[in-house]
Each structure stands twice: as C-alpha cells, then as structure tokens.
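Visitor: This is the structure I want to talk about, given as structure tokens.
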Amino acid sequence: MKTVTFDRPYLFALIGVALLVVPLPAGPLSTAKPEEVGISSERLKRIGEMVQRHMSAHQVAGAVTLVARRGRIAHFEAHGFMDLESKTPMTKDAIFHIASMTKPVTGVAVMMLVEEGKIRLNDPVSRFIPEFKNIKVAVANVNPNATMPGNRAGDIKLPVTLVPPIREVTIRDLLTHTSGLQGRGPGVSAVKIAPRSPTDKLADYIPRLGAAALDFQPGMGWAYSPLAGPDTLGRVVEIVSGLPFDRFLAERLFGPLGMKDTAFSVSADRMPRLATVYYAGENAMRRRSPNQIAGEFCSTPCVYFSGAGGLSSTAEDYLQFAQMLLNGGQLNGRRFLSPKTVELMSTDHVGELYATGCAHDPYGPCDFYDQRGMGFGLLVDVVKDAVAAGIGVSNGSFGWAGGNGTRFWVDPKEQMVTILMVATRSVLFQRDFEYAVKQALIE
C-alpha cells in the first residue's frame, strides 16, 4: 500500500494559498464579519490551528470547515490537500463522499411525503413493499435475552431460531433504527441475503430484504442499520412519489435549495474537485484504493440510489440543507417542511434504547460520543445532555456524521450550523472541531 508523507514547508504554503485566494462563493446565505453574529474573529483562527495539528499528526489530509450563525456565514475555510499524491490544495468547493450524511436527507424526503398524507409513520413497510409482510426475527436458542458475543456480522456463534415478529416493521422503525433490519446481530448471520449486484436498482434489491431476519423484535431495541433501513426508505419514496429516488431529491430538494453539486454520482467535469479518501496512519496517510470504496459509492452511470450513504456534496451545498432545518423547514421564502415536522425529526424517539443498543454494538456510529447523553430522532441524533455526551454543542442540537469523517450539527440554541467536510474518519477531529467553534462564541 502506498504511503504519503507531508512536506511541511510546502504544506504551509499551500494552506495559505487555499485560505487567502479562494473567494467565498456566492450563495443564498450572505457572509458576515464574525463579530456581527457574536463570534470572535481572533478565536476563530484556532479552527485552522486545530486542523493543522491533525494534519501534522497525519490524521487528516485536509478539510473544509464552515460555521454559519443567525443565517450568515461567519467562517468558511479550506485547509491542506484534497489529494496528497498530486499535492492538489483543498478548495472550498471540494466535493466529498458524505456517506451516512445522506441519511438525514432521506429522512427529510420521507417526512415531506408524510406531510402530504401519502405516508404515515406507523404504516407497516409491507403497505409499500409486500415482501416485508412475512419477515422473521432471529432469536438465540439458549436465551432470547442473551447478549450476543461479538455482536457483529460473522461473529455470532450461538444457534438461532426464526420466529414471527410481534408486529410488522414500520416506517418509524426504519427512521429510528429500531427495526432490527440488517444491523450487526444474529439476523444477518441467520439469513444470508444475496449480495446486491452492480446492475440492481432499489426496485430489484429492496424486495429481497423481505426474506431477511431481524436482529430483534421491531421497536424493542436500537441497532444501526447502516444500509438496508434507509435504502428501504428510499424505495418507499420512489413508490409513493412515482419518481426514481435521485429525481425526487433533485426536483424536490436539491434544485430548490440550490445544491448544485449534490448527487449520487460525480460527473466527469466535477471529478477534479473530488477529495481523495484516506486512512490515517501513524506516520503517513494511506489512500483508499478504488476496490475498497467499490459498492459504497455510485459509479457513473448510477442506478442504485442509496438513501443510506450514496450522496456526494460540498460544504456550501450541505449548508443550504442544514440551514433549512435550522429555519424550521424553510429557506429563501420556500417551505419544505413545517416547523412542527422539523421538531418531530429532532426529538428523541428511542429513550434508553440508544445507549443500550450502542453498548452492545460498539461499531459504526457508536464511538462518536457517550450515548448516555444522546437520543435519536428520525435519521438524526439528538443531544439531550452535552456534558454527559462529552461534546461541544448545545443541548437540543441534532445532526449526523459520515463514515469518511464528515459531520454536521444544527444548533437551534445558538442559531448555528457547523459543517466539517473531510475525507478521513477521525472522531477526535470531529470533537476538536466542535470545541474550536464553541470557544469562539462570545455572545
């Protein structure tokens, strides 16, 4: 595997170029001097210093950081490189594979159709996908309440039995990760679903999930469904709207919001702006090979529109989406959701199930923070107690992260949106960014 080391003098020079010569792009949100929105210009410099520390430690190759408060952009900077081998500087319009930051977008799409009366949260999934009618639940023969050792696909050793569910899987279950569908428990080991082929569409693959086994009874646990649950929701949107999922998002969200660089595949003319995905190493960054990301992101032409993790986007594009949520469902005079629906999305729906589920599944999103201070809404996590969670955002904040390191928060208390775009997973980097933003607030 090829490794890349940093040439620090060259790195510092290019960071300066990225920060000084790239103008703020014109967008729906205007820019403001930080002090005009209650943020210290001097203290904001610590964000760049923080990013530099992580680059020097070979934890990230580069990043784009954005802070908007009171509806105006107070901080928007590019740092480091989007590609180390070619020494291509990071730019503010760099495109990132946002992975699971696709999930909140899917949640909004579903809730738009809920508002139109075409979907109910308590609808069984089988109303739209009949194959889900007879789905089964995998339980351990020894003790149905036993904690499964390893609790990860392929690690389950206890024999299991398939039993009928106490009720059907609902739309709400999929939105809250309480369905038990294709997580990391016994269901995946008990029933093997045929792998998705490169030519499968949602309409081809999702009905096959009806033959899967759930990890637990619907609504009785919390386990992250990294792909299957949100992808199923994408198929429901297609069925209800009569549009392919990508067209629904483009026509109902991305176009009206001005998200011009957000899509399921990156067009050829945009490829030079695509940030390379890296692993962090002790002394160097390691580039992810194409076969390592195959299946996670759409090739061109894209036929499988994953509501779980298929989108690519830019910091400014995603800001429009997040600001819409902060505004209670509207942006630039156009309403996408009602304030009450945004409130419903960002309210904890699962109680203690979140912390309990993550305690038994320390993978995926469960290493982001201490879940004892967190809740989970409709495809977003919710901060109930920031001190207990150990994070630098306000109580009531909500958002989600992507598997390659991207993160966004909507903070209603501070009237603020923060976006971190990066192409290397690092939980510590996310935490440091949150605190670097928090310490810059002066009113």
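Chain lettering (A, B, ...) mirrors the order of the structure tokens, residue numbering begins at 1 for each chain separately, and ligand numbering begins at 1 in order of display.
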At most 10 Å is the cut-off: for each residue in range 200-225 of chain A with any atom that close to an atom of range 306-312 of chain A, write down the nearest atom pair and the distance in Å rounded to one decimal, counting only C-alpha atoms, chain first then increasing number, as a Markdown table.
Guide:
| residue | atom | partner | partner_atom | distance |
| --- | --- | --- | --- | --- |
| A:Lys201 | CA | A:Ser306 | CA | 9.4 |
| A:Leu202 | CA | A:Ser306 | CA | 7.8 |
| A:Ser225 | CA | A:Ala308 | CA | 8.8 |
Visitor: Would you output that residue set with N, CA and C atoms, as a CSV table (one decimal), in the first residue's frame?
Guide:
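Listing of result-v1.csv after writing:
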chain,number,residue,atom,x,y,z
A,201,LYS,N,-31.2,-2.1,-9.1
A,201,LYS,CA,-31.8,-0.8,-8.7
A,201,LYS,C,-32.5,-1.1,-7.3
A,202,LEU,N,-32.9,0.0,-6.7
A,202,LEU,CA,-33.7,-0.2,-5.4
A,202,LEU,C,-34.9,-1.1,-5.6
A,225,SER,N,-28.7,0.4,11.4
A,225,SER,CA,-28.8,-0.3,10.1
A,225,SER,C,-28.1,0.5,9.1
Visitor: Any chance you could list, as a ChimeraX atom specification, the residues in range 28-151 of chain A that come up strand (DSSP E or B) when DSSP is run on the backbone?
Guide: /A:30-31,39,62-69,72-83,88-89,95-97,124,136-140
Visitor: Go ahead and dump the residues you just picked, N, CA and C atoms, as a compact mmCIF listing (two decimals), in the first residue's frame.
Guide:
# COMPACT_ATOMS: atom_id res chain seq x y z
N SER A 30 -25.64 34.98 3.05
CA SER A 30 -24.61 36.01 2.93
C SER A 30 -23.54 35.78 3.98
N THR A 31 -22.40 36.44 3.79
CA THR A 31 -21.32 36.34 4.75
C THR A 31 -21.42 37.50 5.74
N ILE A 39 -19.38 36.13 17.23
CA ILE A 39 -18.24 35.21 17.21
C ILE A 39 -16.96 36.02 17.13
N GLY A 62 -6.66 17.05 4.74
CA GLY A 62 -7.18 18.40 4.55
C GLY A 62 -8.64 18.41 4.97
N ALA A 63 -9.24 19.58 4.94
CA ALA A 63 -10.63 19.71 5.37
C ALA A 63 -11.20 21.03 4.88
N VAL A 64 -12.54 21.08 4.88
CA VAL A 64 -13.26 22.33 4.69
C VAL A 64 -14.11 22.52 5.93
N THR A 65 -14.01 23.69 6.55
CA THR A 65 -14.75 23.98 7.78
C THR A 65 -15.67 25.17 7.54
N LEU A 66 -16.89 25.07 8.05
CA LEU A 66 -17.88 26.12 7.81
C LEU A 66 -18.72 26.33 9.06
N VAL A 67 -18.91 27.60 9.41
CA VAL A 67 -19.75 27.97 10.55
C VAL A 67 -20.69 29.08 10.10
N ALA A 68 -21.98 28.86 10.24
CA ALA A 68 -22.98 29.89 9.94
C ALA A 68 -23.79 30.15 11.20
N ARG A 69 -23.99 31.42 11.50
CA ARG A 69 -24.78 31.78 12.69
C ARG A 69 -25.75 32.90 12.33
N ARG A 72 -26.07 33.70 8.61
CA ARG A 72 -24.98 34.26 7.84
C ARG A 72 -23.71 33.45 8.07
N ILE A 73 -22.88 33.37 7.05
CA ILE A 73 -21.64 32.60 7.12
C ILE A 73 -20.57 33.44 7.81
N ALA A 74 -20.07 32.94 8.93
CA ALA A 74 -19.04 33.65 9.69
C ALA A 74 -17.65 33.06 9.48
N HIS A 75 -17.58 31.81 9.05
CA HIS A 75 -16.29 31.14 8.87
C HIS A 75 -16.45 30.12 7.75
N PHE A 76 -15.53 30.17 6.78
CA PHE A 76 -15.57 29.23 5.66
C PHE A 76 -14.15 29.13 5.13
N GLU A 77 -13.46 28.03 5.42
CA GLU A 77 -12.05 27.91 5.07
C GLU A 77 -11.74 26.53 4.51
N ALA A 78 -10.77 26.49 3.62
CA ALA A 78 -10.21 25.24 3.11
C ALA A 78 -8.80 25.08 3.67
N HIS A 79 -8.46 23.86 4.04
CA HIS A 79 -7.18 23.58 4.69
C HIS A 79 -6.52 22.39 4.02
N GLY A 80 -5.21 22.47 3.82
CA GLY A 80 -4.46 21.30 3.40
C GLY A 80 -4.71 20.87 1.97
N PHE A 81 -4.81 19.56 1.77
CA PHE A 81 -4.88 18.98 0.42
C PHE A 81 -6.16 18.18 0.22
N MET A 82 -6.66 18.20 -1.00
CA MET A 82 -7.72 17.26 -1.37
C MET A 82 -7.12 15.98 -1.96
N ASP A 83 -5.85 16.05 -2.41
CA ASP A 83 -5.14 14.86 -2.88
C ASP A 83 -3.66 15.05 -2.58
N THR A 88 -2.59 18.49 -4.61
CA THR A 88 -3.66 19.39 -5.00
C THR A 88 -4.25 20.06 -3.76
N PRO A 89 -4.19 21.39 -3.67
CA PRO A 89 -4.71 22.07 -2.48
C PRO A 89 -6.21 21.86 -2.33
N ILE A 95 -15.59 18.48 -3.45
CA ILE A 95 -16.70 17.54 -3.32
C ILE A 95 -16.24 16.36 -2.47
N PHE A 96 -17.09 15.94 -1.55
CA PHE A 96 -16.77 14.84 -0.64
C PHE A 96 -17.84 13.76 -0.74
N HIS A 97 -17.41 12.51 -0.62
CA HIS A 97 -18.35 11.42 -0.41
C HIS A 97 -18.87 11.57 1.03
N PRO A 124 -47.05 0.01 8.22
CA PRO A 124 -46.12 -1.11 8.02
C PRO A 124 -45.42 -0.96 6.68
N LYS A 136 -39.07 -12.41 9.35
CA LYS A 136 -38.91 -13.15 10.60
C LYS A 136 -37.90 -12.46 11.52
N VAL A 137 -37.87 -12.92 12.79
CA VAL A 137 -36.94 -12.40 13.79
C VAL A 137 -36.03 -13.54 14.23
N ALA A 138 -34.74 -13.29 14.31
CA ALA A 138 -33.78 -14.29 14.78
C ALA A 138 -33.58 -14.14 16.28
N VAL A 139 -33.79 -15.25 17.01
CA VAL A 139 -33.55 -15.23 18.45
C VAL A 139 -32.63 -16.38 18.80
N ALA A 140 -31.83 -16.19 19.86
CA ALA A 140 -30.89 -17.23 20.29
C ALA A 140 -31.64 -18.37 20.94
Visitor: Find, counting only C-alpha atoms, the residue in A:Cys366, A:Ala203, A:Val60, A:Ile419 that gets nearest to Leu243 in chain A.
Guide: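 Using only C-alpha atoms, the shortest distance to Leu243 in chain A belongs to A:Ala203.
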Visitor: From the list A:Ile119, A:Val237, A:Ala280, A:Leu113, which residue is nearest Ala423 in chain A when using only C-alpha atoms?
Guide: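 Closest to Ala423 in chain A of all the choices is A:Ala280.
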Visitor: Just the residues within 12 Å of Glu116 in chain A, please, counting only C-alpha atoms, with nothing from its chain fewer than 4 positions along; format it as a ChimeraX atom specification.
Guide: /A:109-112,120,240-241,336-338,341
Visitor: Looking only at the backbone, which of the residues in range 74-202 of chain A does DSSP tag as helix (DSSP H, G or I), as number ranges by chain?
Guide: A: 99-115, 125-127, 130-134, 171-176, 186-190, 202
Visitor: I want to know what sits within 12 Å of Asp204 in chain A, based on only C-alpha atoms, with residues of the same chain fewer than 5 positions away left out; could you give that as a PyMOL selection string?
Guide: chain A and resi 129+131+194-199+209-210+231-232+235+303-305
Visitor: Considering only C-alpha atoms, give me a table of residues in range 179-295 of chain A that are at most 12 Å from range 391-406 of chain A, with the closest atom pair and distance in Å for each, as JSON lines.
Guide:
{"residue": "A:Pro226", "atom": "CA", "partner": "A:Gly403", "partner_atom": "CA", "distance": 9.9}
{"residue": "A:Leu227", "atom": "CA", "partner": "A:Gly403", "partner_atom": "CA", "distance": 12.0}
{"residue": "A:Ala275", "atom": "CA", "partner": "A:Asn404", "partner_atom": "CA", "distance": 10.8}
{"residue": "A:Thr276", "atom": "CA", "partner": "A:Asn404", "partner_atom": "CA", "distance": 10.3}
{"residue": "A:Val277", "atom": "CA", "partner": "A:Asn404", "partner_atom": "CA", "distance": 7.2}
{"residue": "A:Tyr278", "atom": "CA", "partner": "A:Asn404", "partner_atom": "CA", "distance": 8.4}
{"residue": "A:Tyr279", "atom": "CA", "partner": "A:Asn404", "partner_atom": "CA", "distance": 9.0}
{"residue": "A:Ala280", "atom": "CA", "partner": "A:Asn404", "partner_atom": "CA", "distance": 10.9}
{"residue": "A:Arg288", "atom": "CA", "partner": "A:Asn404", "partner_atom": "CA", "distance": 10.8}
{"residue": "A:Ile293", "atom": "CA", "partner": "A:Asn404", "partner_atom": "CA", "distance": 10.6}
Visitor: Kindly give the distance, in Å, that separates CA of Val342 in chain A and CA of Ala389 in chain A, rounded to a single decimal.
Guide: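 Pair CA of Val342 in chain A / CA of Ala389 in chain A returns 22.5 Å.
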Visitor: Pick the closest to Asp93 in chain A from A:Leu344, A:Met55, A:Ala223, A:Ala315: which is it, counting only C-alpha atoms?
Guide: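 Smallest separation from Asp93 in chain A among the options: A:Ala315.
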Visitor: What does the distance between CA of Tyr318 in chain A and CA of Ser265 in chain A come to in Å, to one decimal place?
Guide: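 Computing it gives 15.8 Å between the two atoms.
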Visitor: Nearest residue to Ser426 in chain A out of A:Asp367, A:Asp215, A:Glu85, A:Asp246, using only C-alpha atoms?
Guide: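 Looking only at the distances to Ser426 in chain A, the closest residue turns out to be A:Asp367.
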Visitor: Taking only C-alpha atoms into account, name the residue in A:Lys438, A:Asp200, A:Met101, A:Asp173 that is nearest to Ser313 in chain A.
Guide: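 Among A:Lys438, A:Asp200, A:Met101, A:Asp173, it is A:Met101 that comes nearest to Ser313 in chain A.
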